[in-house]
$ cat entry.tsv   # TSV, C-alpha atoms
chain	number	residue	atom	x	y	z
A	293	MET	CA	29.56	29.69	1.86
A	294	ILE	CA	29.64	28.22	5.34
A	295	ASP	CA	25.92	27.49	5.19
A	296	ALA	CA	25.88	26.18	1.62
A	297	PRO	CA	24.50	22.64	1.39
A	298	ASP	CA	26.59	20.02	-0.41
A	299	LEU	CA	29.46	22.37	-1.14
A	300	GLY	CA	31.65	19.48	-2.22
A	301	ALA	CA	34.60	20.91	-0.33
A	302	VAL	CA	35.71	21.19	3.27
A	303	ILE	CA	36.23	24.67	4.64
A	304	THR	CA	39.44	24.21	6.59
A	305	ARG	CA	39.78	27.74	7.95
A	306	VAL	CA	38.29	31.22	7.71
A	307	ILE	CA	41.01	33.84	7.43
A	308	THR	CA	40.25	37.53	7.73
A	309	ASP	CA	42.02	40.82	8.25
A	310	ARG	CA	39.29	42.18	10.56
A	311	ASP	CA	37.80	41.08	13.84
A	312	GLY	CA	34.10	41.35	14.60
A	313	ILE	CA	32.75	40.30	11.21
A	314	GLU	CA	29.83	37.98	10.60
A	315	ALA	CA	31.97	35.37	8.84
A	316	LEU	CA	33.92	34.78	12.05
A	317	ASP	CA	30.74	34.29	14.07
A	318	ARG	CA	29.36	31.88	11.46
A	319	ALA	CA	32.63	29.96	11.33
A	320	GLN	CA	32.79	29.64	15.09
A	321	ARG	CA	29.19	28.38	15.22
A	322	ALA	CA	30.11	25.80	12.56
A	323	ARG	CA	33.29	24.90	14.49
A	324	ILE	CA	35.54	26.00	11.64
A	325	PRO	CA	38.92	27.31	12.80
A	326	THR	CA	39.52	31.01	12.27
A	327	THR	CA	42.56	33.22	11.91
A	328	ILE	CA	42.59	37.00	12.15
A	329	LEU	CA	45.52	38.73	10.44
A	330	PRO	CA	45.10	42.48	10.97
A	331	TRP	CA	46.40	44.36	7.93
A	332	GLY	CA	48.08	46.95	10.15
A	333	ASP	CA	50.24	44.30	11.82
A	334	PHE	CA	52.25	43.80	8.63
A	335	ALA	CA	54.91	46.04	7.13
A	336	SER	CA	54.02	45.15	3.54
A	337	ARG	CA	51.53	43.48	1.25
A	338	GLN	CA	54.09	40.70	0.79
A	339	GLU	CA	54.31	40.00	4.54
A	340	PHE	CA	50.51	40.04	4.82
A	341	SER	CA	50.17	37.65	1.87
A	342	ASP	CA	52.87	35.37	3.30
A	343	ALA	CA	50.91	35.17	6.56
A	344	ILE	CA	47.75	34.25	4.65
A	345	GLY	CA	49.66	31.57	2.77
A	346	ALA	CA	51.11	30.17	5.98
A	347	ALA	CA	47.71	30.07	7.71
A	348	ALA	CA	46.12	28.43	4.67
A	349	ALA	CA	48.93	25.86	4.39
A	350	GLU	CA	48.70	25.09	8.10
A	351	ALA	CA	45.00	24.37	7.59
A	352	GLY	CA	45.71	22.13	4.60
A	353	ALA	CA	43.86	24.41	2.18
A	354	GLU	CA	44.15	23.66	-1.52
A	355	THR	CA	42.04	26.57	-2.73
A	356	LEU	CA	41.43	30.08	-1.43
A	357	VAL	CA	37.86	31.35	-1.76
A	358	LEU	CA	37.73	35.10	-1.23
A	359	ALA	CA	34.56	36.91	-0.17
A	360	GLY	CA	34.43	40.51	0.98
A	361	PHE	CA	38.21	40.52	0.85
A	362	MET	CA	39.36	44.04	0.04
A	363	ARG	CA	43.12	43.53	-0.20
A	364	VAL	CA	45.39	42.91	-3.17
A	365	LEU	CA	47.38	39.71	-2.77
A	366	ALA	CA	51.11	39.63	-3.49
A	367	PRO	CA	52.22	37.68	-6.57
A	368	GLY	CA	53.97	35.05	-4.43
A	369	LEU	CA	50.71	33.98	-2.81
A	370	ILE	CA	48.97	33.84	-6.18
A	371	ALA	CA	51.82	31.67	-7.48
A	372	ARG	CA	51.52	29.43	-4.40
A	373	PHE	CA	47.88	28.66	-5.31
A	374	PRO	CA	47.94	28.81	-9.13
A	375	GLN	CA	44.42	28.86	-10.57
A	376	HIS	CA	43.16	28.02	-7.09
A	377	ILE	CA	42.16	31.45	-5.80
A	378	LEU	CA	38.56	32.40	-6.49
A	379	ASN	CA	37.01	35.81	-5.94
A	380	ILE	CA	33.55	37.29	-6.19
A	381	HIS	CA	32.88	40.88	-7.26
A	382	PRO	CA	29.63	42.89	-7.35
A	383	SER	CA	29.71	43.92	-11.02
A	384	LEU	CA	29.91	42.40	-14.43
A	385	LEU	CA	33.67	42.59	-14.79
A	386	PRO	CA	35.55	44.11	-16.48
A	387	ALA	CA	33.11	46.94	-15.66
A	388	PHE	CA	33.57	48.68	-12.31
A	389	PRO	CA	36.54	46.97	-10.66
A	390	GLY	CA	37.57	48.09	-7.20
A	391	SER	CA	35.81	48.75	-3.95
A	392	HIS	CA	32.90	50.94	-5.07
A	393	ALA	CA	31.41	48.90	-7.90
A	394	VAL	CA	27.76	49.34	-6.91
A	395	ASP	CA	28.17	53.10	-6.47
A	396	GLN	CA	29.89	53.32	-9.85
A	397	ALA	CA	27.13	51.37	-11.59
A	398	LEU	CA	24.55	53.83	-10.27
A	399	GLU	CA	26.71	56.86	-11.08
A	400	HIS	CA	27.16	55.67	-14.66
A	401	GLY	CA	23.46	55.00	-15.11
A	402	VAL	CA	23.84	51.44	-16.32
A	403	LYS	CA	20.65	49.47	-16.77
A	404	VAL	CA	22.25	46.14	-15.87
A	405	THR	CA	25.02	45.25	-13.47
A	406	GLY	CA	25.60	41.98	-11.67
A	407	VAL	CA	28.09	39.66	-10.09
A	408	THR	CA	31.27	38.00	-11.34
A	409	VAL	CA	33.21	35.03	-10.00
A	410	HIS	CA	36.76	34.93	-11.35
A	411	PHE	CA	40.19	33.46	-10.81
A	412	VAL	CA	42.52	35.88	-9.04
A	413	ASP	CA	45.61	37.18	-10.77
A	414	GLU	CA	48.04	39.98	-9.93
A	415	GLN	CA	45.66	42.76	-11.00
A	416	VAL	CA	42.67	44.15	-9.09
A	417	ASP	CA	39.38	42.42	-9.95
A	418	HIS	CA	40.92	40.84	-12.99
A	419	GLY	CA	41.63	37.31	-14.04
A	420	PRO	CA	39.73	34.74	-16.07
A	421	ILE	CA	35.98	34.99	-15.55
A	422	ILE	CA	34.38	31.79	-14.30
A	423	ALA	CA	30.74	32.87	-14.10
A	424	GLN	CA	28.59	35.97	-14.19
A	425	ARG	CA	25.00	36.76	-13.41
A	426	ALA	CA	23.16	39.91	-14.45
A	427	VAL	CA	21.11	42.04	-12.07
A	428	PRO	CA	18.86	44.80	-13.45
A	429	VAL	CA	19.28	48.30	-12.11
A	430	LEU	CA	15.84	49.63	-11.24
A	431	PRO	CA	14.90	53.32	-11.59
A	432	ASP	CA	14.46	53.79	-7.84
A	433	ASP	CA	17.59	51.87	-6.79
A	434	ASP	CA	20.06	53.28	-4.33
A	435	VAL	CA	23.33	51.64	-3.27
A	436	ALA	CA	21.67	49.63	-0.50
A	437	SER	CA	18.78	48.27	-2.57
A	438	LEU	CA	20.95	47.40	-5.56
A	439	HIS	CA	23.64	45.82	-3.41
A	440	ALA	CA	21.02	43.72	-1.60
A	441	ARG	CA	19.76	42.30	-4.91
A	442	ILE	CA	23.32	41.64	-6.07
A	443	GLN	CA	24.02	39.78	-2.80
A	444	VAL	CA	21.05	37.48	-3.42
A	445	GLU	CA	22.69	36.44	-6.69
A	446	GLU	CA	26.14	36.21	-5.07
A	447	HIS	CA	24.83	33.84	-2.38
A	448	ASP	CA	23.39	31.58	-5.07
A	449	LEU	CA	26.15	31.75	-7.69
A	450	TYR	CA	29.30	31.52	-5.57
A	451	PRO	CA	28.49	28.22	-3.82
A	452	ALA	CA	27.52	26.74	-7.20
A	453	VAL	CA	30.88	27.77	-8.67
A	454	VAL	CA	32.82	26.48	-5.66
A	455	ARG	CA	30.92	23.19	-5.86
A	456	ALA	CA	31.71	22.83	-9.59
A	457	PHE	CA	35.35	23.74	-8.98
A	458	ALA	CA	35.64	21.18	-6.15
A	459	GLN	CA	34.16	18.55	-8.46
A	460	GLY	CA	36.80	19.31	-11.11
A	461	ARG	CA	34.25	20.69	-13.56
A	462	ILE	CA	36.02	24.03	-14.00
A	463	SER	CA	39.43	24.37	-15.60
A	464	LEU	CA	41.52	26.99	-17.30
A	465	VAL	CA	42.60	26.17	-20.86
A	466	GLY	CA	44.61	28.71	-22.82
A	467	GLY	CA	43.53	31.51	-20.51
A	468	LYS	CA	39.81	30.71	-20.90
A	469	VAL	CA	37.57	29.05	-18.35
A	470	VAL	CA	36.05	25.76	-19.47
A	471	TRP	CA	33.13	24.09	-17.70
A	472	ALA	CA	32.76	20.32	-18.01
$ encode --input "entry.tsv" --output "structure tokens"
Amino acid sequence: MIDAPDLGAVITRVITDRDGIEALDRAQRARIPTTILPWGDFASRQEFSDAIGAAAAEAGAETLVLAGFMRVLAPGLIARFPQHILNIHPSLLPAFPGSHAVDQALEHGVKVTGVTVHFVDEQVDHGPIIAQRAVPVLPDDDVASLHARIQVEEHDLYPAVVRAFAQGRISLVGGKVVWA
């Protein structure tokens, strides 16, 4: 996202629960402020989510764009950014939610998997689907090869969705996503 041309939005801060990840290096090179909130420093999911909300508010963020974020947010944070938390997941949701989607696709022998961008709600990898893109599962695929092809689609689709959202071309009407 940091390298996406013409994103149509300003990245005000990169917030993570882990140090030493590539997103922090990329943010620092782009002179984007960063905040590290180690999961283990918080007594509860609520406290962790409150810290995320405070860091985002301090940065003036209007939307949270999650990528590689493997934590469930507390309902209060979701309510603080209603219909303004986006997530990307490496499957065609509702198939294979959770942290091992690519492994599960291979284990189940599906012929097609993909990527989903969705609004975040209180459930894991749930919420109104904004966009999806299919990725074929090839006979000789392993987790690494399939995940690499999914990531190619993620890196194309997610910036396009964020751009459209920033331009006001995506809205939620009656629980369904509408593109203008």
$ residues_around --input "entry.tsv" --residues "His376 of chain A" --least-positions-apart "5" --cutoff "8 Å" --atoms "all atoms listed in the file" --output "MDAnalysis selection string"
chainID A and resid 354:356 411
$ residues_around --input "entry.tsv" --residues "segment 379-391 of chain A" --least-positions-apart "5" --cutoff "9 Å" --atoms "only C-alpha atoms" --output "compact mmCIF listing (two decimals) with C-alpha atoms, keeping the file's coordinate frame"
# COMPACT_ATOMS: atom_id res chain seq x y z
CA LEU A 356 41.43 30.08 -1.43
CA VAL A 357 37.86 31.35 -1.76
CA LEU A 358 37.73 35.10 -1.23
CA ALA A 359 34.56 36.91 -0.17
CA GLY A 360 34.43 40.51 0.98
CA PHE A 361 38.21 40.52 0.85
CA MET A 362 39.36 44.04 0.04
CA GLN A 396 29.89 53.32 -9.85
CA ALA A 397 27.13 51.37 -11.59
CA VAL A 404 22.25 46.14 -15.87
CA THR A 405 25.02 45.25 -13.47
CA GLY A 406 25.60 41.98 -11.67
CA VAL A 407 28.09 39.66 -10.09
CA THR A 408 31.27 38.00 -11.34
CA VAL A 409 33.21 35.03 -10.00
CA HIS A 410 36.76 34.93 -11.35
CA PHE A 411 40.19 33.46 -10.81
CA VAL A 412 42.52 35.88 -9.04
CA VAL A 416 42.67 44.15 -9.09
CA ASP A 417 39.38 42.42 -9.95
CA HIS A 418 40.92 40.84 -12.99
CA ILE A 421 35.98 34.99 -15.55
CA GLN A 424 28.59 35.97 -14.19
CA ARG A 425 25.00 36.76 -13.41
CA ALA A 426 23.16 39.91 -14.45
CA VAL A 427 21.11 42.04 -12.07
CA HIS A 439 23.64 45.82 -3.41
CA ILE A 442 23.32 41.64 -6.07
CA GLN A 443 24.02 39.78 -2.80
CA GLU A 446 26.14 36.21 -5.07
CA TYR A 450 29.30 31.52 -5.57
$ axis_aligned_box --input "entry.tsv" --around "segment 309-326 of chain A" --padding-each-side "5 Å" --output "AutoDock Vina command-line options"
--center_x 35.6 --center_y 33.5 --center_z 11.7 --size_x 22.8 --size_y 27.3 --size_z 17.0
$ residues_around --input "entry.tsv" --residues "Ala353 of chain A" --least-positions-apart "3" --cutoff "7 Å" --atoms "all atoms listed in the file" --output "mmCIF file with C-alpha atoms, keeping the file's coordinate frame"
data_model
loop_
_atom_site.group_PDB
_atom_site.id
_atom_site.type_symbol
_atom_site.label_atom_id
_atom_site.label_comp_id
_atom_site.auth_asym_id
_atom_site.auth_seq_id
_atom_site.Cartn_x
_atom_site.Cartn_y
_atom_site.Cartn_z
ATOM 1 C CA THR A 304 39.440 24.210 6.590
ATOM 2 C CA ALA A 348 46.120 28.430 4.670
ATOM 3 C CA ALA A 349 48.930 25.860 4.390
#
$ residues_around --input "entry.tsv" --residues "segment 462-470 of chain A" --least-positions-apart "6" --cutoff "8 Å" --atoms "all atoms listed in the file" --output "number ranges by chain"
A: 375, 420-422, 456
$ write_last_selection --input "entry.tsv" --atoms "C-alpha atoms" --output "compact mmCIF listing (two decimals), in the coordinates of the input"
# COMPACT_ATOMS: atom_id res chain seq x y z
CA GLN A 375 44.42 28.86 -10.57
CA PRO A 420 39.73 34.74 -16.07
CA ILE A 421 35.98 34.99 -15.55
CA ILE A 422 34.38 31.79 -14.30
CA ALA A 456 31.71 22.83 -9.59
$ atom_distance --input "entry.tsv" --atom1 "atom CA of Gly419 of chain A" --atom2 "atom CA of Phe340 of chain A"
21.0 Å
$ closest_residue --input "entry.tsv" --among "A:His447, A:Arg441, A:His400, A:Arg305" --to "Gly352 of chain A" --atoms "only C-alpha atoms"
A:Arg305
$ atom_distance --input "entry.tsv" --atom1 "atom CA of Ile307 of chain A" --atom2 "atom CA of Ser336 of chain A"
17.7 Å
$ atom_distance --input "entry.tsv" --atom1 "atom CA of Ser341 of chain A" --atom2 "atom CA of Leu365 of chain A"
5.8 Å
$ closest_residue --input "entry.tsv" --among "A:Ala436, A:Ala423, A:Leu316, A:Val402" --to "Val453 of chain A" --atoms "all atoms listed in the file"
A:Ala423
$ closest_residue --input "entry.tsv" --among "A:Leu378, A:Val306, A:Ala452, A:Met293" --to "Thr326 of chain A" --atoms "all atoms listed in the file"
A:Val306
$ closest_residue --input "entry.tsv" --among "A:Leu398, A:Ile313, A:Ala458, A:Ala472" --to "Ser437 of chain A" --atoms "all atoms listed in the file"
A:Leu398
$ closest_residue --input "entry.tsv" --among "A:Ala371, A:Val454, A:Val394, A:Ile377" --to "Ala440 of chain A" --atoms "all atoms listed in the file"
A:Val394
$ decode --input "entry.tsv" --residues "segment 353-465 of chain A" --atoms "C-alpha atoms" --output "short mmCIF file (atom, residue, chain, number, x, y, z; two decimals), in the first residue's frame"
data_model
loop_
_atom_site.label_atom_id
_atom_site.label_comp_id
_atom_site.auth_asym_id
_atom_site.auth_seq_id
_atom_site.Cartn_x
_atom_site.Cartn_y
_atom_site.Cartn_z
CA ALA A 353 -6.80 8.50 10.67
CA GLU A 354 -10.32 8.24 9.29
CA THR A 355 -10.03 4.67 8.02
CA LEU A 356 -8.08 1.63 9.17
CA VAL A 357 -6.61 -0.51 6.40
CA LEU A 358 -5.51 -3.88 7.76
CA ALA A 359 -2.91 -6.04 6.03
CA GLY A 360 -1.29 -9.09 7.58
CA PHE A 361 -3.06 -8.20 10.80
CA MET A 362 -3.75 -11.41 12.69
CA ARG A 363 -5.70 -10.08 15.67
CA VAL A 364 -9.42 -9.78 16.32
CA LEU A 365 -10.42 -6.21 17.09
CA ALA A 366 -12.72 -5.43 20.03
CA PRO A 367 -16.22 -4.21 19.17
CA GLY A 368 -15.50 -0.74 20.58
CA LEU A 369 -12.79 -0.09 18.00
CA ILE A 370 -15.03 -1.34 15.20
CA ALA A 371 -17.77 1.01 16.44
CA ARG A 372 -15.25 3.88 16.55
CA PHE A 373 -14.57 3.44 12.81
CA PRO A 374 -17.95 2.25 11.50
CA GLN A 375 -17.67 0.93 7.94
CA HIS A 376 -14.16 2.38 7.85
CA ILE A 377 -12.05 -0.68 8.64
CA LEU A 378 -10.94 -2.65 5.60
CA ASN A 379 -9.26 -6.04 5.64
CA ILE A 380 -7.73 -8.34 3.05
CA HIS A 381 -7.84 -12.13 3.31
CA PRO A 382 -6.18 -14.82 1.15
CA SER A 383 -9.31 -16.78 0.21
CA LEU A 384 -12.66 -16.28 -1.40
CA LEU A 385 -14.60 -15.64 1.78
CA PRO A 386 -16.69 -17.06 3.29
CA ALA A 387 -14.46 -20.05 2.46
CA PHE A 388 -11.44 -20.61 4.70
CA PRO A 389 -11.54 -17.83 7.29
CA GLY A 390 -8.76 -17.64 9.84
CA SER A 391 -5.01 -17.77 9.75
CA HIS A 392 -4.39 -20.83 7.57
CA ALA A 393 -6.55 -20.11 4.54
CA VAL A 394 -4.00 -21.13 1.91
CA ASP A 395 -3.22 -24.40 3.70
CA GLN A 396 -6.94 -25.13 4.01
CA ALA A 397 -7.56 -24.49 0.31
CA LEU A 398 -4.88 -27.03 -0.58
CA GLU A 399 -6.09 -29.54 2.02
CA HIS A 400 -9.64 -29.33 0.67
CA GLY A 401 -8.50 -29.75 -2.92
CA VAL A 402 -10.28 -26.69 -4.26
CA LYS A 403 -9.58 -25.77 -7.86
CA VAL A 404 -9.99 -22.04 -7.28
CA THR A 405 -9.22 -19.86 -4.29
CA GLY A 406 -8.37 -16.17 -4.24
CA VAL A 407 -8.42 -12.96 -2.29
CA THR A 408 -11.18 -11.00 -0.58
CA VAL A 409 -11.30 -7.39 0.58
CA HIS A 410 -14.07 -6.80 3.11
CA PHE A 411 -15.33 -4.44 5.77
CA VAL A 412 -14.42 -5.61 9.27
CA ASP A 413 -17.12 -6.55 11.73
CA GLU A 414 -17.01 -8.31 15.10
CA GLN A 415 -16.50 -11.78 13.59
CA VAL A 416 -13.28 -13.26 12.20
CA ASP A 417 -12.85 -12.71 8.44
CA HIS A 418 -16.46 -11.72 8.11
CA GLY A 419 -18.24 -8.56 7.13
CA PRO A 420 -19.59 -7.22 3.85
CA ILE A 421 -17.44 -8.23 0.90
CA ILE A 422 -16.11 -5.30 -1.12
CA ALA A 423 -14.16 -7.15 -3.82
CA GLN A 424 -12.83 -10.58 -4.65
CA ARG A 425 -10.44 -11.97 -7.19
CA ALA A 426 -10.07 -15.64 -8.09
CA VAL A 427 -6.74 -17.45 -8.25
CA PRO A 428 -6.56 -20.95 -9.77
CA VAL A 429 -5.03 -23.72 -7.70
CA LEU A 430 -2.54 -25.55 -9.90
CA PRO A 431 -1.88 -29.30 -9.59
CA ASP A 432 1.71 -28.80 -8.41
CA ASP A 433 0.96 -25.96 -5.97
CA ASP A 434 2.27 -25.96 -2.44
CA VAL A 435 1.52 -23.34 0.21
CA ALA A 436 4.40 -21.11 -0.88
CA SER A 437 3.63 -21.13 -4.60
CA LEU A 438 -0.10 -20.63 -4.14
CA HIS A 439 0.38 -17.90 -1.56
CA ALA A 440 2.82 -16.09 -3.87
CA ARG A 441 0.23 -16.01 -6.67
CA ILE A 442 -2.46 -14.85 -4.25
CA GLN A 443 -0.16 -12.04 -3.06
CA VAL A 444 0.25 -10.80 -6.64
CA GLU A 445 -3.52 -10.35 -6.80
CA GLU A 446 -3.64 -8.84 -3.30
CA HIS A 447 -1.05 -6.21 -4.23
CA ASP A 448 -3.14 -5.22 -7.26
CA LEU A 449 -6.65 -5.44 -5.78
CA TYR A 450 -6.18 -3.85 -2.35
CA PRO A 451 -4.78 -0.49 -3.53
CA ALA A 452 -7.57 -0.31 -6.12
CA VAL A 453 -10.19 -0.85 -3.42
CA VAL A 454 -8.58 1.67 -1.06
CA ARG A 455 -8.42 4.20 -3.90
CA ALA A 456 -12.12 3.68 -4.73
CA PHE A 457 -13.04 3.90 -1.05
CA ALA A 458 -11.05 7.14 -0.62
CA GLN A 459 -12.85 8.56 -3.65
CA GLY A 460 -16.23 7.77 -2.10
CA ARG A 461 -17.07 5.18 -4.74
CA ILE A 462 -17.74 2.38 -2.23
CA SER A 463 -20.60 2.46 0.23
CA LEU A 464 -22.63 0.06 2.30
CA VAL A 465 -26.38 0.10 1.63
#
